[in-house]
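Structure first, then comments.
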Amino acid sequence: MSDRRAVLYGLALAALSASQAVGQDGYRKPPKAVLDILDAPPPPAVSVSPTGEYLLLVHTDRYPPIADLAAPTLRLAGLRIDPRTNGPARSPRVTRLTLLSLSGGSKELELPAGKVGVPVWSPDGSRFAVEVATDKGIELWVGGVGAGKVVRVPGVVLNAAVGEPVQWMPDNQSLLVQLVPENRGAAPAVPAAPSGPVVQESEGKAAPVRTFQDLLQGPHDEALFAYHATAQLAVVKLADGKAAAVPVGEPGIVISADPSPDGKLLLVSRVTRPFSYLLPYTAFPRTVEVWDAASDGVVGTVAALPLQDKVPIEGVPTGRRAVRWVPTFPHTLLWVEALDGGDPRAKVPHRDAVYSETVGSGRGPNELLKLEHRFAGLDFFPTDNRMLVRDYDRDRKWARTFVAPTTALFGPEPRLLFERSTQDRYGDPGTPLLRTLASGHRVLRTTGDVGGDTIWLSGPGASPKGDRPFLDKFDVKTGKAVRVFHCDEGQYEDVVAVLNQAGTKLLIRRESPTDPPNYFYRDNSHEKQLTRNADPAPELRKTEKTMLRAKRPDGVGLTVTLHLPPGAKKGDKRPAVVYAYPVEFASAADAGQVTGSPLRFTAVSGYSHLFLLTQGYAVLEVSMPIVGPPAAANDTFVDQLVANARAAIDLVAESGAIDPDRVGVMGHSYGAFMTANLLAHSDLFRAGIGRSGAYNRTLTPFGFQNERRTFWEAPGVYGKMSPFFHADKINEPLLLIHGAADNNPGTFPVQSERLYQAVRGTGGTCRLVLLPHEAHGYEARESVEHVLFEQIAWFDKYVKNAKPRK
């Protein structure tokens, strides 16, 4: 860094050292090497048209200014709503759109003023819609592959507070939208005085509730939620450059509205009263109905579901759930119902059943199959009456996939296709690829002209040498796979999309330790590079990345990805930082599998721990397995954390790459929880940084992460795992960072505030940084810069420049 910046940074570090209880210095900036990386434009996201003929390169503004986050925000029923636009308070801002034709040619699209959203393709790939937020509301704009700009649809003001505000109808000529109701009037005013107390009451039945945030607080919140969430469904018909919005049904709080494959009906799910002050809107009472898309008539009620306030931990609500259209029929519904009362602890032969019913047939529901374990998803074949259905056994972390009929009138009995541990990365057969039908519904991508038994499976290809992504053609009748693509050893590339039915045209993403990810078109005869993303941090290409294998005394293996900073030499014993996030495993074999690849490009953005490489630190990314039966793995949580950390540090220190007496530890969310525990229960580290963590598990008494027991069932486990209970043992400096508007379940800002008070009150060294307007992750440029400043300054003082221990 420059001499002047070095002096300024030194003064800032001195100021940090001089302050214990207070220190309101405003937003600070990290060193220039870090700012240079933050200033680099991010690579665009890639959106592939449903036909595979076009790409949209979507450039976004990565770091909005803090002024954007400070704008008025309503926190209602688990939502954050911008009252000026009646849309989400936080959403991506598209700055550029580039249309690429895979047959050749590209064009930069002219964008309107305002906050442009992510484009939504029409099923036939000829057009796309975008939302544009302005001070007067959210507008609807439409673009086409033959045009050089997007055009506003006049007279449409979208309601994007909840649900899906824009989607294409099956005719590809019209859009189903959610509008702000006409003449709805002004928002409810804040009452001058309360009308009475807020009262809640239980009725003697168990009703465990997770610790949700942004909930309704009183009658005024209820009125605001109903005002902003109520939308008018309408169909916008695009024809000859003109558009007309035709209302459908009465206004309501619509959380989903899905057109039937023939476009004649809508499957509408609406929130109803009473609202809850303990749960978000997703658990409110709702009605699921079928509407006529061309009139105001309700064809029928599919389900009337009560408030989901008595769902068991890790359970599901009773009644019809996961209701959807079957894509291969004009208007047939499919849904799932619990057979165990939604309670995973119930001993029953089958947990779920899958049903279907054709709307208007008068024949009633057909039971298609019963599942021994909990329903976990399904995918439909494109032209015949089959689907892939998955279930999941939580006690074994075990998944199965079946081939089953979509109607009781067709097809054989369900047949098992795959089964495996969900944590066995080496045995992962891959994920089925999907494609979009002309109706807009998604189905399995097959190789046959009419249906076919061969599907496409894509997977990471995990192996003891690291990930080698693959693409297979898989015959569901014979159970045999043919490998079409397999990443070569010595490089890293994966298949982003199969662009045609035969699988001869592929969209490939390729990267290496020195080259950022770029996209390529490949067919049987040639390959063409489509993007030329530049390296945002050339200086970091001088770093060295190595994947190592460590082993705990109990034999459990773990992966350590070692990053050495530019200029590092063998045996120079660098200061180091461990970054990790604990993950529970049911078996030691699965826990010990290698994760990741040393051949991937090291991308650094946001407030990443990898920015420490610019300051001369070695960084150890450590898999942090917690092994044991799912019902009791946390009984030895702390002991396993310490064993993992010690094994990783000992392995790397033995090579001489790091100084084991100058190691810090850091993590985010559950990783912050880990960090505080490691400082409390070991002396492996000189300092730690915890971001957005939860440290007192009695404040999450109905379970957390994968812990399914309540506090009253396992008080000893909750106490031993809670760093707050052991704050007097945290005798290494701890920096706590938290978004002041954290909306993640369980990680209230008070978690960091109370741990700071506990450590400070018992004589420890601790610093608390609360970031205004930031949620669980941090977005604003000012916040990101300040977090990086704090992280570097903290570790520079307490790790890099730490005096040898006595």
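In the structure tokens, each chain is lettered A, B, ... as it comes, each chain's residues begin at 1, and ligands are numbered from 1 in order of appearance.
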
Q) Contacts of stretch 687-700 of chain A at 8 Å or less, counting only C-alpha atoms, minus same-chain residues fewer than 5 places along, as number ranges by chain? A) A: 210-211, 663-673, 675-676, 679, 711, 718-719, 721-725, 732-739, 742, 746-749, 751-752, 755, 776-777, 791, 795, 798-799

Q. Could you write out, as a ChimeraX atom specification, all the residues of stretch 553-688 of chain A that DSSP marks as strand (DSSP E)?
A. /A:557-564,574-585,618-627,658-668,687-688

(Q) Quick check, in Å to one decimal: how far apart do atom CA of A:Leu444 and atom CA of A:Leu507 lie? (A)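 Atom CA of A:Leu507 lies at a distance of 17.8 Å from atom CA of A:Leu444.
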
Q: Counting only C-alpha atoms, figure out which residue out of A:Gln232, A:Gln217, A:Ser605, A:Thr407 gets nearest to A:Pro165.
A: A:Gln232

(Q) Residues near A:Asn634, anyone? I mean within 10 Å using only C-alpha atoms, not counting same-chain ones fewer than 5 positions away, as a PyMOL selection string. (A) chain A and resi 584+626-629+639-640+706-707+717-718+720-721

Q) If we count only C-alpha atoms, what is near A:Glu419 at a cut-off of 7 Å, once residues fewer than 5 positions away on the same chain are taken out, given as a ChimeraX atom specification? A) /A:399-401

Generate a file of the selected residues that holds all heavy atoms, formatted as an mmCIF file, in the first residue's frame.
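So the final result, stored in selection.cif, reads:
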```cif
data_model
loop_
_atom_site.group_PDB
_atom_site.id
_atom_site.type_symbol
_atom_site.label_atom_id
_atom_site.label_comp_id
_atom_site.auth_asym_id
_atom_site.auth_seq_id
_atom_site.Cartn_x
_atom_site.Cartn_y
_atom_site.Cartn_z
ATOM 1 N N ALA A 399 -32.198 -41.123 1.037
ATOM 2 C CA ALA A 399 -33.146 -40.695 0.001
ATOM 3 C C ALA A 399 -33.378 -41.818 -0.994
ATOM 4 O O ALA A 399 -32.458 -42.584 -1.306
ATOM 5 C CB ALA A 399 -32.629 -39.465 -0.722
ATOM 6 N N ARG A 400 -34.610 -41.912 -1.488
ATOM 7 C CA ARG A 400 -34.959 -42.885 -2.528
ATOM 8 C C ARG A 400 -35.705 -42.176 -3.647
ATOM 9 O O ARG A 400 -36.424 -41.198 -3.413
ATOM 10 C CB ARG A 400 -35.829 -44.010 -1.949
ATOM 11 C CG ARG A 400 -35.200 -44.758 -0.795
ATOM 12 C CD ARG A 400 -36.065 -45.908 -0.323
ATOM 13 N NE ARG A 400 -37.376 -45.461 0.124
ATOM 14 C CZ ARG A 400 -38.376 -46.275 0.490
ATOM 15 N NH1 ARG A 400 -38.207 -47.589 0.425
ATOM 16 N NH2 ARG A 400 -39.524 -45.788 0.891
ATOM 17 N N THR A 401 -35.541 -42.688 -4.858
ATOM 18 C CA THR A 401 -36.248 -42.166 -6.030
ATOM 19 C C THR A 401 -37.004 -43.312 -6.699
ATOM 20 O O THR A 401 -36.424 -44.377 -6.959
ATOM 21 C CB THR A 401 -35.269 -41.529 -7.025
ATOM 22 O OG1 THR A 401 -34.557 -40.472 -6.390
ATOM 23 C CG2 THR A 401 -36.010 -40.972 -8.234
#
```

Q. Between atom CA of A:Asn366 and atom CA of A:Leu334, what is the spacing in Å?
A.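 Computing the Euclidean distance for atom CA of A:Leu334 and atom CA of A:Asn366 yields 9.3 Å.
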
Q) Contacts of A:Glu367 at 10 Å or less, counting only C-alpha atoms, minus same-chain residues fewer than 4 places along, as a PyMOL selection string? A) chain A and resi 334-336+353-357+406-408
